[in-house]
Number of protein chains: 4
Amino acid sequence: MNPIDRLAELFKEFPGIGPRQARRFVYFLLLKNRNYTDEISRLIPELKNHVRTCSSCFTYFSKEKTNIEMCDICSNAKRDASKLMIVGRDTDRDAFEKSGTYNGMYFVLGGTLPILEEDVQKFIRVKELTERVLLLKDSLGEIVIALNANPDGDNTTSFLKKHLDGIKSENMRISLLGRGLSTGSELEYADKDTLANAFENRR
Amino acid sequence: MNPIDRLAELFKEFPGIGPRQARRFVYFLLLKNRNYTDEISRLIPELKNHVRTCSSCFTYFSKEKTNIEMCDICSNAKRDASKLMIVGRDTDRDAFEKSGTYNGMYFVLGGTLPILEEDVQKFIRVKELTERVLLLKDSLGEIVIALNANPDGDNTTSFLKKHLDGIKSENMRISLLGRGLSTGSELEYADKDTLANAFENRR
Amino acid sequence: MNPIDRLAELFKEFPGIGPRQARRFVYFLLLKNRNYTDEISRLIPELKNHVRTCSSCFTYFSKEKTNIEMCDICSNAKRDASKLMIVGRDTDRDAFEKSGTYNGMYFVLGGTLPILEEDVQKFIRVKELTERVLLLKDSLGEIVIALNANPDGDNTTSFLKKHLDGIKSENMRISLLGRGLSTGSELEYADKDTLANAFENRR
Amino acid sequence: MNPIDRLAELFKEFPGIGPRQARRFVYFLLLKNRNYTDEISRLIPELKNHVRTCSSCFTYFSKEKTNIEMCDICSNAKRDASKLMIVGRDTDRDAFEKSGTYNGMYFVLGGTLPILEEDVQKFIRVKELTERVLLLKDSLGEIVIALNANPDGDNTTSFLKKHLDGIKSENMRISLLGRGLSTGSELEYADKDTLANAFENRR
């Protein structure tokens, strides 16, 4: 197959990209100058070489020096090591960092657990999480399960809650993100659960 | 003006209705049978005659017997009279009733207070609310301010919070609806405030 | 049932109106002053009394004087009586009048013919159309079939085309609205038929 | 800058891609296996090497053999060489080919001419078009200007119409795509121009 059609096929696998936009990506690249296309094709393989997952939270980070094992946050002494927030993906961690509301540590599950799925480890880093929690046992005061408020997220949350209750130390608290009205919600259009949560979690 | 154009003009004032849909309403009525159009035109004036606002919560209700002064909820002995929920409109009360999560009493403000607006009473029933609260003083354990999570709602909430703190009895609690992730929220797309609330209000 | 719930039920039948908006219509009417609600309820029954369908084109119009039989357009000597445009509904006629591109006469079918439907007269005024065409035979130079470019519209168009070819006089032309790119269409996103029409109907 | 952030920046330039989706592309690539990432980074530079623009219609095509100068269509003897369709981009040509309604030749302008823009050649291949038309002069029976039905497209069309009228041979026809109702259009919602075109271009 010629490079145009083949690249269009590969771009079609990009998240949220259909066949038409995939094709436009190819034509876009054809119009860009060499510097641009060369840099992209040079960086894509570099990703795997120069990027590693943090040995403690499993977020991706680029290793400038080969000896670094941990990401900026895990290696930052100023962060509150008594809190661990479990997120699904790096993008969720990024969102929390941007919000500037959390100063603790993170753990990236790498996904969510589909409902009725048995093979947990295939979807989330439960083994690595367990090791991390057992390792921190003494120092850790709270684990915040911070997953999306959708079925897969809720399923993963209830699995983790049970799992962590089994391994946590006595003085360790397991918490979940608050549910209720999100910015802009109007009562008239809010669903049953959101209203129930907003009422139960009233301040 | 002929009835077609005039009715189209009147329908244009209906909430969320533009000139084109207003016109389609008129043609729709022209196609409906007499029973339908007669019933509508009979019921519209009846609304004001047979509907009254509850003397205690100010929701609309239809008075089957002329002596009734209060709506089904306010006259229902089974409801928890120690809780009062302040909502903006009847539709918000309807939404909470449908959710089946609240068994207390209501008070309908009749609107929200625009930001920087001085003339409060023109927008919300603050005088009536004050009387209601002073009246219930002893029996009332909690007031839940349940307004939309938007600027006007927030402005009204902070006004009411201050106002009620001034008149409430000691053992009376003023609470606000919980903020956080609403059903379906994904962390990656949640705004800064929602993430902050979800974390601060974690359970 | 009380007037609030009953009116909400009736408004639910309005075109494009769901249960929630129907309810808001009721609350909206409760807040409006008497003049408004009285005028609406007075005009709705008047519609049928004071409005009639034009004896020649079947559009609705209000009869100021009881002796008038025809709408403004049909009774307007300045219109080009050699052209007859067949539209589905009054709103389609209104749209063409607003566009100011057509100066002939109209005929309102009163609907469209669903695919595979046998009982034609139940859906469109084919009997009345036939009479009209036979009546005008000599004076009529062109009939424009102007229906929506969707399956029902196309089905109705092909039915009318065949039907009119059978009754038209020799020097009478049957034409259909032009197909092609509508304002704003982009070739990349246009469907197969639109591109085919745009090419075949090129100027 | 590290490869993650830098690649996210580069993806942000892709058509229709915002910062957030750009970042998700990077995380997506990190999760894909080597075969995938290696193939993409190998093909991107190949695009420019193995792809050339057809010497006669200027579409992109991949040169399997170095001696080929023309794309499949331009080198296809079965195509009708008496028709030349001017399109804005390769994607527009693709759309017409998929529709299967046109069997002539193409010319890709490479863009559209913004309104009030003086420097024509900077936006569209007018020089190359002129050469092509003069070259084909005798054999060419019709030029179809096939551009988007939006302001830039219309501006480019009227410029080309004037320009081609100046250089075309007598028996050469310049045609534009038909305007009217596109598939799915409803008269009630059609804009003034579309109705006018649909009527003027009636069949």
# chains A, B, ... in the order shown; residues from 1 in each chain; ligands from 1
>>> closest_atom_pairs(of="chain B", to="chain C", cutoff="6 Å", atoms="only C-alpha atoms", output="JSON lines")
{"residue": "B:Asn2", "atom": "CA", "partner": "C:Ser62", "partner_atom": "CA", "distance": 5.9}
{"residue": "B:Pro3", "atom": "CA", "partner": "C:Leu47", "partner_atom": "CA", "distance": 5.9}
{"residue": "B:Ser41", "atom": "CA", "partner": "C:Ser41", "partner_atom": "CA", "distance": 4.1}
{"residue": "B:Leu47", "atom": "CA", "partner": "C:Pro3", "partner_atom": "CA", "distance": 5.9}
{"residue": "B:Ser62", "atom": "CA", "partner": "C:Asn2", "partner_atom": "CA", "distance": 6.0}
>>> residues_around(residues="Tyr189 in chain A", least_positions_apart="4", cutoff="9 Å", atoms="only C-alpha atoms", output="PyMOL selection string")
(chain A and resi 185) or (chain B and resi 92+95)
>>> atom_distance(atom1="CA of Thr183 in chain D", atom2="CA of Leu113 in chain C")
17.8 Å
>>> residues_around(residues="Lys137 in chain C", least_positions_apart="5", cutoff="9 Å", atoms="only C-alpha atoms", output="count of residues only")
4
>>> residues_around(residues="range 193-198 of chain B", least_positions_apart="6", cutoff="7 Å", atoms="only C-alpha atoms", output="JSON, numbers by chain")
{"A": [96, 99, 101, 177, 178, 179, 182, 183], "B": [179, 180, 181]}
>>> decode(residues="range 69-142 of chain B", atoms="C-alpha atoms", output="PDB file, in the first residue's frame")
ATOM      1  CA  GLU B  69     -54.499  26.895  52.083  1.00  0.00           C
ATOM      2  CA  MET B  70     -51.525  24.568  51.764  1.00  0.00           C
ATOM      3  CA  CYS B  71     -50.032  22.237  49.150  1.00  0.00           C
ATOM      4  CA  ASP B  72     -49.906  18.443  49.508  1.00  0.00           C
ATOM      5  CA  ILE B  73     -46.428  18.505  50.979  1.00  0.00           C
ATOM      6  CA  CYS B  74     -46.914  21.286  53.502  1.00  0.00           C
ATOM      7  CA  SER B  75     -50.159  19.672  54.670  1.00  0.00           C
ATOM      8  CA  ASN B  76     -48.610  16.206  54.836  1.00  0.00           C
ATOM      9  CA  ALA B  77     -48.033  15.228  58.477  1.00  0.00           C
ATOM     10  CA  LYS B  78     -45.645  12.471  57.403  1.00  0.00           C
ATOM     11  CA  ARG B  79     -43.034  14.920  56.080  1.00  0.00           C
ATOM     12  CA  ASP B  80     -40.089  15.778  58.302  1.00  0.00           C
ATOM     13  CA  ALA B  81     -40.938  19.269  59.582  1.00  0.00           C
ATOM     14  CA  SER B  82     -37.479  19.738  61.092  1.00  0.00           C
ATOM     15  CA  LYS B  83     -35.911  20.271  57.628  1.00  0.00           C
ATOM     16  CA  LEU B  84     -36.607  23.166  55.251  1.00  0.00           C
ATOM     17  CA  MET B  85     -35.156  23.139  51.723  1.00  0.00           C
ATOM     18  CA  ILE B  86     -34.980  26.467  49.901  1.00  0.00           C
ATOM     19  CA  VAL B  87     -35.349  26.055  46.109  1.00  0.00           C
ATOM     20  CA  GLY B  88     -35.542  28.608  43.323  1.00  0.00           C
ATOM     21  CA  ARG B  89     -38.609  27.432  41.450  1.00  0.00           C
ATOM     22  CA  ASP B  90     -41.402  24.860  41.518  1.00  0.00           C
ATOM     23  CA  THR B  91     -39.543  22.866  38.865  1.00  0.00           C
ATOM     24  CA  ASP B  92     -36.582  22.490  41.234  1.00  0.00           C
ATOM     25  CA  ARG B  93     -38.922  21.203  43.939  1.00  0.00           C
ATOM     26  CA  ASP B  94     -40.448  18.790  41.399  1.00  0.00           C
ATOM     27  CA  ALA B  95     -36.968  17.535  40.525  1.00  0.00           C
ATOM     28  CA  PHE B  96     -36.134  16.825  44.182  1.00  0.00           C
ATOM     29  CA  GLU B  97     -39.483  15.109  44.748  1.00  0.00           C
ATOM     30  CA  LYS B  98     -38.892  12.889  41.711  1.00  0.00           C
ATOM     31  CA  SER B  99     -35.443  11.968  43.039  1.00  0.00           C
ATOM     32  CA  GLY B 100     -37.107  10.638  46.188  1.00  0.00           C
ATOM     33  CA  THR B 101     -34.141  11.595  48.348  1.00  0.00           C
ATOM     34  CA  TYR B 102     -35.688  14.293  50.519  1.00  0.00           C
ATOM     35  CA  ASN B 103     -38.582  14.011  52.955  1.00  0.00           C
ATOM     36  CA  GLY B 104     -38.598  17.467  54.545  1.00  0.00           C
ATOM     37  CA  MET B 105     -40.432  20.705  53.767  1.00  0.00           C
ATOM     38  CA  TYR B 106     -39.731  23.249  50.983  1.00  0.00           C
ATOM     39  CA  PHE B 107     -39.692  26.971  50.444  1.00  0.00           C
ATOM     40  CA  VAL B 108     -39.839  28.335  46.887  1.00  0.00           C
ATOM     41  CA  LEU B 109     -37.870  31.576  46.520  1.00  0.00           C
ATOM     42  CA  GLY B 110     -39.551  32.397  43.221  1.00  0.00           C
ATOM     43  CA  GLY B 111     -36.276  33.173  41.459  1.00  0.00           C
ATOM     44  CA  THR B 112     -32.631  33.973  42.016  1.00  0.00           C
ATOM     45  CA  LEU B 113     -30.808  37.146  42.981  1.00  0.00           C
ATOM     46  CA  PRO B 114     -28.760  38.621  40.110  1.00  0.00           C
ATOM     47  CA  ILE B 115     -25.203  39.659  41.016  1.00  0.00           C
ATOM     48  CA  LEU B 116     -24.901  43.255  42.323  1.00  0.00           C
ATOM     49  CA  GLU B 117     -28.703  43.526  42.555  1.00  0.00           C
ATOM     50  CA  GLU B 118     -29.821  45.679  45.492  1.00  0.00           C
ATOM     51  CA  ASP B 119     -33.599  45.279  45.446  1.00  0.00           C
ATOM     52  CA  VAL B 120     -33.688  41.706  46.803  1.00  0.00           C
ATOM     53  CA  GLN B 121     -37.448  41.385  47.422  1.00  0.00           C
ATOM     54  CA  LYS B 122     -38.076  42.140  43.755  1.00  0.00           C
ATOM     55  CA  PHE B 123     -36.378  38.858  42.801  1.00  0.00           C
ATOM     56  CA  ILE B 124     -36.799  36.446  45.715  1.00  0.00           C
ATOM     57  CA  ARG B 125     -39.336  35.992  48.541  1.00  0.00           C
ATOM     58  CA  VAL B 126     -36.897  36.972  51.277  1.00  0.00           C
ATOM     59  CA  LYS B 127     -39.565  38.667  53.426  1.00  0.00           C
ATOM     60  CA  GLU B 128     -41.796  35.586  53.313  1.00  0.00           C
ATOM     61  CA  LEU B 129     -38.803  33.322  53.970  1.00  0.00           C
ATOM     62  CA  THR B 130     -37.845  35.332  57.024  1.00  0.00           C
ATOM     63  CA  GLU B 131     -41.369  35.119  58.434  1.00  0.00           C
ATOM     64  CA  ARG B 132     -41.440  31.372  57.776  1.00  0.00           C
ATOM     65  CA  VAL B 133     -38.117  30.795  59.524  1.00  0.00           C
ATOM     66  CA  LEU B 134     -39.006  32.961  62.532  1.00  0.00           C
ATOM     67  CA  LEU B 135     -42.336  31.158  62.777  1.00  0.00           C
ATOM     68  CA  LEU B 136     -40.752  27.693  62.755  1.00  0.00           C
ATOM     69  CA  LYS B 137     -37.782  28.757  64.876  1.00  0.00           C
ATOM     70  CA  ASP B 138     -38.173  26.117  67.591  1.00  0.00           C
ATOM     71  CA  SER B 139     -39.163  23.172  65.435  1.00  0.00           C
ATOM     72  CA  LEU B 140     -36.666  23.776  62.623  1.00  0.00           C
ATOM     73  CA  GLY B 141     -33.349  21.881  62.883  1.00  0.00           C
ATOM     74  CA  GLU B 142     -31.854  22.506  59.453  1.00  0.00           C
TER      75      GLU B 142
END
